[in-house]
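coords-v5.json, holding JSON, C-alpha atoms:
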[["chain", "number", "residue", "atom", "x", "y", "z"],
["A", 1, "MET", "CA", -31.78, 11.86, 35.32],
["A", 2, "ALA", "CA", -30.37, 10.12, 32.24],
["A", 3, "GLN", "CA", -27.27, 8.01, 32.56],
["A", 4, "ARG", "CA", -24.25, 9.13, 30.60],
["A", 5, "ASN", "CA", -22.48, 6.69, 28.37],
["A", 6, "PRO", "CA", -18.70, 6.89, 29.01],
["A", 7, "THR", "CA", -17.05, 8.20, 25.86],
["A", 8, "THR", "CA", -13.65, 9.37, 24.74],
["A", 9, "GLU", "CA", -12.92, 13.00, 23.84],
["A", 10, "ALA", "CA", -13.84, 12.42, 20.19],
["A", 11, "GLY", "CA", -17.25, 11.08, 21.17],
["A", 12, "THR", "CA", -16.60, 7.40, 20.41],
["A", 13, "PRO", "CA", -17.92, 5.12, 23.15],
["A", 14, "VAL", "CA", -15.32, 3.31, 25.24],
["A", 15, "ARG", "CA", -16.90, -0.06, 24.39],
["A", 16, "VAL", "CA", -16.32, 0.63, 20.67],
["A", 17, "ILE", "CA", -12.66, 1.51, 21.30],
["A", 18, "GLY", "CA", -12.36, -1.66, 23.40],
["A", 19, "TRP", "CA", -13.87, -3.76, 20.62],
["A", 20, "ARG", "CA", -11.49, -2.24, 18.09],
["A", 21, "TRP", "CA", -8.56, -2.88, 20.44],
["A", 22, "PHE", "CA", -9.34, -6.57, 20.95],
["A", 23, "SER", "CA", -10.50, -7.22, 17.37],
["A", 24, "GLY", "CA", -7.43, -5.74, 15.67],
["A", 25, "ALA", "CA", -9.38, -3.02, 13.88],
["A", 26, "PRO", "CA", -7.94, 0.49, 13.47],
["A", 27, "LEU", "CA", -8.56, 2.41, 16.70],
["A", 28, "ASP", "CA", -9.92, 5.47, 14.91],
["A", 29, "GLY", "CA", -12.23, 3.30, 12.77],
["A", 30, "ILE", "CA", -10.67, 4.37, 9.47],
["A", 31, "PRO", "CA", -9.06, 1.50, 7.55],
["A", 32, "ARG", "CA", -5.87, 2.49, 5.75],
["A", 33, "THR", "CA", -5.09, -0.81, 4.00],
["A", 34, "ASP", "CA", -7.02, -3.70, 2.51],
["A", 35, "ALA", "CA", -5.85, -6.12, 5.23],
["A", 36, "THR", "CA", -8.51, -8.67, 6.22],
["A", 37, "TRP", "CA", -8.87, -10.83, 9.30],
["A", 38, "THR", "CA", -6.37, -13.43, 8.02],
["A", 39, "GLN", "CA", -4.69, -11.84, 4.98],
["A", 40, "PRO", "CA", -2.02, -9.11, 5.16],
["A", 41, "ALA", "CA", -2.53, -5.93, 3.19],
["A", 42, "THR", "CA", -1.53, -5.63, -0.44],
["A", 43, "ALA", "CA", -2.58, -2.02, -1.07],
["A", 44, "VAL", "CA", -3.19, 1.23, 0.75],
["A", 45, "ILE", "CA", -6.82, 2.36, 0.47],
["A", 46, "HIS", "CA", -6.65, 5.55, 2.52],
["A", 47, "PRO", "CA", -6.89, 8.76, 0.47],
["A", 48, "SER", "CA", -3.56, 9.97, 1.87],
["A", 49, "GLY", "CA", -1.84, 6.97, 0.29],
["A", 50, "ARG", "CA", 0.13, 6.27, 3.48],
["A", 51, "ALA", "CA", -0.01, 3.52, 6.08],
["A", 52, "TYR", "CA", 2.28, 2.32, 8.83],
["A", 53, "ARG", "CA", 3.84, -1.14, 8.70],
["A", 54, "TRP", "CA", 1.55, -2.14, 11.57],
["A", 55, "GLN", "CA", -1.50, -1.56, 9.36],
["A", 56, "TYR", "CA", -0.25, -4.08, 6.78],
["A", 57, "ARG", "CA", -0.56, -6.95, 9.27],
["A", 58, "PRO", "CA", -3.68, -9.15, 9.28],
["A", 59, "ARG", "CA", -6.24, -8.18, 11.90],
["A", 60, "VAL", "CA", -5.86, -11.45, 13.78],
["A", 61, "GLN", "CA", -2.16, -10.72, 14.27],
["A", 62, "ARG", "CA", -2.85, -7.17, 15.45],
["A", 63, "ALA", "CA", -5.51, -8.49, 17.83],
["A", 64, "GLY", "CA", -3.14, -11.12, 19.21],
["A", 65, "ILE", "CA", -0.38, -8.60, 19.85],
["A", 66, "ARG", "CA", -2.71, -6.09, 21.49],
["A", 67, "THR", "CA", -4.48, -8.70, 23.62],
["A", 68, "GLY", "CA", -1.21, -10.38, 24.59],
["A", 69, "ALA", "CA", 0.33, -7.07, 25.65],
["A", 70, "THR", "CA", -2.77, -6.16, 27.65],
["A", 71, "LEU", "CA", -2.90, -9.54, 29.43],
["A", 72, "ALA", "CA", 0.85, -9.49, 30.11],
["A", 73, "THR", "CA", 0.59, -6.04, 31.67],
["A", 74, "LEU", "CA", -2.40, -7.03, 33.82],
["A", 75, "GLY", "CA", -0.63, -10.26, 34.85],
["A", 76, "GLU", "CA", 2.50, -8.33, 35.79],
["A", 77, "ILE", "CA", 0.50, -5.91, 37.93],
["A", 78, "TYR", "CA", -1.39, -8.74, 39.64],
["A", 79, "GLY", "CA", 1.85, -10.68, 40.18],
["A", 80, "GLU", "CA", 3.61, -7.69, 41.72],
["A", 81, "ILE", "CA", 0.74, -7.29, 44.16],
["A", 82, "THR", "CA", 0.51, -10.97, 45.17],
["A", 83, "HIS", "CA", 3.98, -12.55, 44.66],
["A", 84, "PRO", "CA", 6.60, -9.89, 43.87],
["A", 85, "VAL", "CA", 9.72, -12.14, 44.04],
["A", 86, "LEU", "CA", 8.26, -14.83, 41.78],
["A", 87, "THR", "CA", 6.94, -12.23, 39.34],
["A", 88, "GLU", "CA", 10.30, -10.47, 39.11],
["A", 89, "SER", "CA", 12.16, -13.73, 38.45],
["A", 90, "LEU", "CA", 9.64, -14.77, 35.76],
["A", 91, "THR", "CA", 9.85, -11.31, 34.20],
["A", 92, "ALA", "CA", 13.64, -11.44, 34.16],
["A", 93, "THR", "CA", 13.51, -14.88, 32.50],
["A", 94, "ALA", "CA", 11.06, -13.64, 29.88],
["A", 95, "VAL", "CA", 13.17, -10.54, 29.17],
["A", 96, "ALA", "CA", 16.33, -12.66, 28.84],
["A", 97, "GLY", "CA", 14.53, -15.00, 26.45],
["A", 98, "GLY", "CA", 13.25, -12.07, 24.42],
["A", 99, "LEU", "CA", 16.72, -10.55, 24.21],
["A", 100, "GLY", "CA", 18.14, -13.91, 23.09],
["A", 101, "TYR", "CA", 15.46, -14.22, 20.42],
["A", 102, "ALA", "CA", 16.02, -10.65, 19.21],
["A", 103, "GLY", "CA", 19.79, -11.20, 19.13],
["A", 104, "ASN", "CA", 19.36, -14.38, 17.08],
["A", 105, "ARG", "CA", 17.09, -12.58, 14.59],
["A", 106, "ALA", "CA", 19.54, -9.67, 14.32],
["A", 107, "TYR", "CA", 22.45, -12.05, 13.72],
["A", 108, "ARG", "CA", 20.55, -13.88, 10.97],
["A", 109, "ARG", "CA", 19.60, -10.64, 9.26],
["A", 110, "TRP", "CA", 23.19, -9.41, 9.49],
["A", 111, "THR", "CA", 24.61, -12.59, 7.93],
["A", 112, "LEU", "CA", 22.00, -12.49, 5.17],
["A", 113, "ARG", "CA", 22.88, -8.85, 4.48],
["A", 114, "GLN", "CA", 26.59, -9.69, 4.32],
["A", 115, "HIS", "CA", 25.86, -12.59, 1.96],
["A", 116, "ARG", "CA", 23.93, -10.30, -0.33],
["A", 117, "ARG", "CA", 26.52, -7.50, -0.23],
["A", 118, "ARG", "CA", 29.58, -9.69, -0.72],
["A", 119, "LEU", "CA", 28.28, -12.33, -3.11],
["A", 120, "VAL", "CA", 24.81, -11.91, -4.58],
["A", 121, "GLN", "CA", 24.89, -8.24, -5.61],
["A", 122, "PRO", "CA", 28.36, -8.28, -7.23],
["A", 123, "LEU", "CA", 27.51, -11.50, -9.09],
["A", 124, "MET", "CA", 24.24, -9.96, -10.24],
["A", 125, "LYS", "CA", 26.04, -6.85, -11.53],
["A", 126, "SER", "CA", 28.49, -9.05, -13.42],
["A", 127, "LEU", "CA", 25.74, -11.17, -14.98],
["A", 128, "SER", "CA", 23.31, -8.37, -15.87],
["A", 129, "GLY", "CA", 25.41, -7.22, -18.82],
["A", 130, "LEU", "CA", 25.85, -10.71, -20.26],
["A", 131, "LEU", "CA", 22.17, -11.56, -19.84],
["A", 132, "GLN", "CA", 21.05, -8.16, -21.18],
["A", 133, "LEU", "CA", 18.85, -7.55, -18.15],
["A", 134, "PRO", "CA", 17.10, -4.22, -17.60],
["A", 135, "ILE", "CA", 18.78, -1.64, -15.40],
["A", 136, "GLY", "CA", 17.92, -2.20, -11.75],
["A", 137, "ALA", "CA", 16.86, -5.83, -12.25],
["A", 138, "SER", "CA", 16.17, -7.58, -8.95],
["A", 139, "ALA", "CA", 18.63, -10.28, -7.87],
["A", 140, "GLU", "CA", 15.74, -12.20, -6.24],
["A", 141, "LYS", "CA", 14.15, -12.75, -9.64],
["A", 142, "TRP", "CA", 17.22, -13.74, -11.64],
["A", 143, "LEU", "CA", 19.65, -15.33, -9.19],
["A", 144, "VAL", "CA", 19.53, -17.91, -6.40],
["A", 145, "VAL", "CA", 22.75, -18.32, -4.42],
["A", 146, "PRO", "CA", 22.74, -20.48, -1.27],
["A", 147, "ARG", "CA", 24.43, -19.08, 1.83],
["A", 148, "ASN", "CA", 26.98, -21.89, 1.78],
["A", 149, "PRO", "CA", 27.64, -22.72, -1.89],
["A", 150, "ALA", "CA", 30.34, -25.28, -0.98],
["A", 151, "LYS", "CA", 27.86, -27.43, 0.93],
["A", 152, "GLN", "CA", 27.01, -30.79, -0.61],
["A", 153, "GLY", "CA", 23.85, -30.47, -2.72],
["A", 154, "ALA", "CA", 23.83, -26.64, -2.77],
["A", 155, "ILE", "CA", 22.67, -25.34, -6.14],
["A", 156, "THR", "CA", 23.33, -21.89, -7.54],
["A", 157, "ARG", "CA", 20.71, -21.01, -10.11],
["A", 158, "VAL", "CA", 20.75, -18.29, -12.77],
["A", 159, "ASN", "CA", 17.34, -17.72, -14.36],
["A", 160, "LEU", "CA", 17.80, -16.82, -18.01],
["A", 161, "PRO", "CA", 15.56, -14.22, -19.68],
["A", 162, "ASP", "CA", 13.34, -15.32, -22.58],
["A", 163, "HIS", "CA", 15.04, -12.95, -25.04],
["A", 164, "TRP", "CA", 18.54, -14.30, -24.33],
["A", 165, "ALA", "CA", 19.93, -16.28, -27.28],
["A", 166, "GLY", "CA", 22.72, -18.00, -25.30],
["A", 167, "GLU", "CA", 25.48, -18.90, -27.72],
["A", 168, "GLU", "CA", 27.98, -21.46, -26.45],
["A", 169, "TYR", "CA", 30.64, -18.83, -25.72],
["A", 170, "GLN", "CA", 28.06, -16.77, -23.74],
["A", 171, "GLN", "CA", 27.10, -19.82, -21.69],
["A", 172, "LEU", "CA", 30.79, -20.45, -20.99],
["A", 173, "ALA", "CA", 31.25, -16.81, -19.97],
["A", 174, "ILE", "CA", 28.35, -17.06, -17.51],
["A", 175, "ALA", "CA", 29.71, -20.33, -16.10],
["A", 176, "ARG", "CA", 33.13, -18.71, -15.59],
["A", 177, "LEU", "CA", 31.63, -15.65, -13.90],
["A", 178, "VAL", "CA", 29.59, -17.75, -11.49],
["A", 179, "ASP", "CA", 32.61, -20.00, -10.86],
["A", 180, "ARG", "CA", 34.80, -16.98, -10.11],
["A", 181, "TRP", "CA", 32.35, -15.48, -7.61],
["A", 182, "ILE", "CA", 31.15, -18.70, -5.98],
["A", 183, "LYS", "CA", 34.61, -20.37, -5.93],
["A", 184, "VAL", "CA", 33.07, -23.84, -6.10],
["A", 185, "PRO", "CA", 33.42, -26.29, -8.99],
["A", 186, "MET", "CA", 30.18, -26.24, -10.90],
["A", 187, "GLU", "CA", 28.24, -27.95, -13.62],
["A", 188, "ALA", "CA", 26.73, -25.94, -16.43]]
As C-alpha cells:
Amino acid sequence: MAQRNPTTEAGTPVRVIGWRWFSGAPLDGIPRTDATWTQPATAVIHPSGRAYRWQYRPRVQRAGIRTGATLATLGEIYGEITHPVLTESLTATAVAGGLGYAGNRAYRRWTLRQHRRRLVQPLMKSLSGLLQLPIGASAEKWLVVPRNPAKQGAITRVNLPDHWAGEEYQQLAIARLVDRWIKVPMEA
C-alpha cells in the first residue's frame, strides 16, 4: 500500500506551505509584488493590480514576523503547561510593553499630523501661489518645517522651483509669509 503525502485541500503539500510560511513567501505561491528577500516592493506585478500592505514588505521581514508569532504561540502553550504563574506574569509584562510602545507610536503620529495640519499645509497653500507651483504640489518636496521652529538651530527650508524668477519683492513676500506662519525671527 502506498503512503499518502499529507496535503492541504488545494493539493499543495504541507511541507511546501510550511516552507512558504517560514521563508516569507506568499502562502498560495503567487507573488503579487516585486518584493525581494531584503528589498520592499516598488510595484504590483499581479494581473489584478492589487496587493495588501503586507505583501509590500521584504520577505525577510515577513518571515521574521511569521516565525516570531509561531514561536511565541508555542512558547506560551508550553509555558502554560509547565509554569502557568510565571508564564502569565511574563505575558502580562509583554502585553503592557506592547501597549506602551503602540501608545508612543500613536502619540508621535498624532503630533506629526497636528504639525502638518496646523503649520505645514497652510504654509504650503500660502506659498504655492507665490512660487507658481502646480496644483496639488506635495509639501514634502517643496517645504521643510521642523516640529519646533523656535528651537536653536532649527531651519525652515523652502525649495524654490527652477522656473521661479524671484524678484526682490517676491523674496520679501515669501520671507514675510514664512515669518507669519512660523512666528520665529528668520534670516532670508
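Atom CA of Ala106 of chain A is found 20.7 Å from atom CA of Ile65 of chain A.
Distance check against His115 of chain A using all atoms listed in the file: of A:Arg53, A:Leu160, A:Asn148, A:Ala154, the minimum falls on A:Asn148.
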Find the residues of segment 101-158 of chain A that sit at most 10 Å from segment 162-179 of chain A; for each, write down the nearest two atoms and how far apart they are in Å, to one decimal. Count only C-alpha atoms. Sort by chain, then by number going up, and give it as JSON lines.
{"residue": "A:Leu123", "atom": "CA", "partner": "A:Val178", "partner_atom": "CA", "distance": 7.0}
{"residue": "A:Met124", "atom": "CA", "partner": "A:Val178", "partner_atom": "CA", "distance": 9.5}
{"residue": "A:Ser126", "atom": "CA", "partner": "A:Leu177", "partner_atom": "CA", "distance": 7.3}
{"residue": "A:Leu127", "atom": "CA", "partner": "A:Ile174", "partner_atom": "CA", "distance": 6.9}
{"residue": "A:Leu130", "atom": "CA", "partner": "A:Gln170", "partner_atom": "CA", "distance": 7.3}
{"residue": "A:Leu131", "atom": "CA", "partner": "A:Trp164", "partner_atom": "CA", "distance": 6.4}
{"residue": "A:Gln132", "atom": "CA", "partner": "A:Trp164", "partner_atom": "CA", "distance": 7.3}
{"residue": "A:Leu133", "atom": "CA", "partner": "A:Trp164", "partner_atom": "CA", "distance": 9.2}
{"residue": "A:Val145", "atom": "CA", "partner": "A:Val178", "partner_atom": "CA", "distance": 9.9}
{"residue": "A:Thr156", "atom": "CA", "partner": "A:Val178", "partner_atom": "CA", "distance": 8.5}
{"residue": "A:Arg157", "atom": "CA", "partner": "A:Val178", "partner_atom": "CA", "distance": 9.6}
{"residue": "A:Val158", "atom": "CA", "partner": "A:Val178", "partner_atom": "CA", "distance": 8.9}
Any idea what's packed within 7 Å of Glu76 of chain A, counting only C-alpha atoms, ignoring anything in its chain fewer than 4 positions away? Could you give it as a compact mmCIF listing (two decimals) with C-alpha atoms, in the coordinates of the input?
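Result file around.txt:
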# COMPACT_ATOMS: atom_id res chain seq x y z
CA ALA A 72 0.85 -9.49 30.11
CA GLU A 80 3.61 -7.69 41.72
CA THR A 87 6.94 -12.23 39.34
Atom CA of Ala25 of chain A to atom CA of Gly75 of chain A measures 23.8 Å
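Our summary of the geometry notes that atom CA of Ala92 of chain A is positioned 29.0 Å from atom CA of Arg57 of chain A.
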Distance query Trp19 of chain A at most 12 Å, all atoms listed in the file, self and fewer than 6 positions along chain excluded, as JSON, numbers by chain: {"A": [12, 13, 25, 26, 27, 28, 29, 63, 66, 67]}
Shell around Ile45 of chain A at 7 Å using only C-alpha atoms, local window under 5 positions removed, as a ChimeraX atom specification: /A:32-34
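Of the listed residues (A:Tyr101, A:Trp21, A:Trp142, A:Trp181), A:Trp181 comes nearest to Arg118 of chain A; the distances count only C-alpha atoms.
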Padding of 5 Å on every side, edges along x, y and z, all listed atoms of segment 22-38 of chain A included: what centre and edge lengths in Å, to one decimal, does that box have, as JSON?
{"center_x": -8.7, "center_y": -4.0, "center_z": 11.7, "size_x": 17.1, "size_y": 28.9, "size_z": 28.4}
Residue nearest Pro134 of chain A - candidates A:Pro161, A:Val44, A:Thr111, A:Tyr52, atoms counted: only C-alpha atoms: A:Pro161
Name all residues at most 7 Å from Pro149 of chain A (count all atoms listed in the file; drop same-chain ones fewer than 2 positions away) and give them as a VMD selection string. chain A and resid 146 to 147 151 154 182 184
Gly79 of chain A surroundings by all atoms listed in the file, 12 Å radius, close-in-sequence under 6 positions cut, as a PDB file with C-alpha atoms, keeping the file's coordinate frame:
ATOM      1  CA  LEU A  71      -2.900  -9.540  29.430  1.00  0.00           C
ATOM      2  CA  ALA A  72       0.850  -9.490  30.110  1.00  0.00           C
ATOM      3  CA  THR A  73       0.590  -6.040  31.670  1.00  0.00           C
ATOM      4  CA  VAL A  85       9.720 -12.140  44.040  1.00  0.00           C
ATOM      5  CA  LEU A  86       8.260 -14.830  41.780  1.00  0.00           C
ATOM      6  CA  THR A  87       6.940 -12.230  39.340  1.00  0.00           C
ATOM      7  CA  GLU A  88      10.300 -10.470  39.110  1.00  0.00           C
ATOM      8  CA  SER A  89      12.160 -13.730  38.450  1.00  0.00           C
ATOM      9  CA  LEU A  90       9.640 -14.770  35.760  1.00  0.00           C
ATOM     10  CA  THR A  91       9.850 -11.310  34.200  1.00  0.00           C
TER      11      THR A  91
END
Residues within 7 Å of (-7.3, -8.4, 11.8), counting all atoms listed in the file, listed as a short mmCIF file (atom, residue, chain, number, x, y, z; two decimals) with C-alpha atoms, in the frame of the given file:
data_model
loop_
_atom_site.label_atom_id
_atom_site.label_comp_id
_atom_site.auth_asym_id
_atom_site.auth_seq_id
_atom_site.Cartn_x
_atom_site.Cartn_y
_atom_site.Cartn_z
CA SER A 23 -10.50 -7.22 17.37
CA GLY A 24 -7.43 -5.74 15.67
CA ALA A 25 -9.38 -3.02 13.88
CA THR A 36 -8.51 -8.67 6.22
CA TRP A 37 -8.87 -10.83 9.30
CA THR A 38 -6.37 -13.43 8.02
CA PRO A 58 -3.68 -9.15 9.28
CA ARG A 59 -6.24 -8.18 11.90
CA VAL A 60 -5.86 -11.45 13.78
CA GLN A 61 -2.16 -10.72 14.27
CA ARG A 62 -2.85 -7.17 15.45
CA ALA A 63 -5.51 -8.49 17.83
#
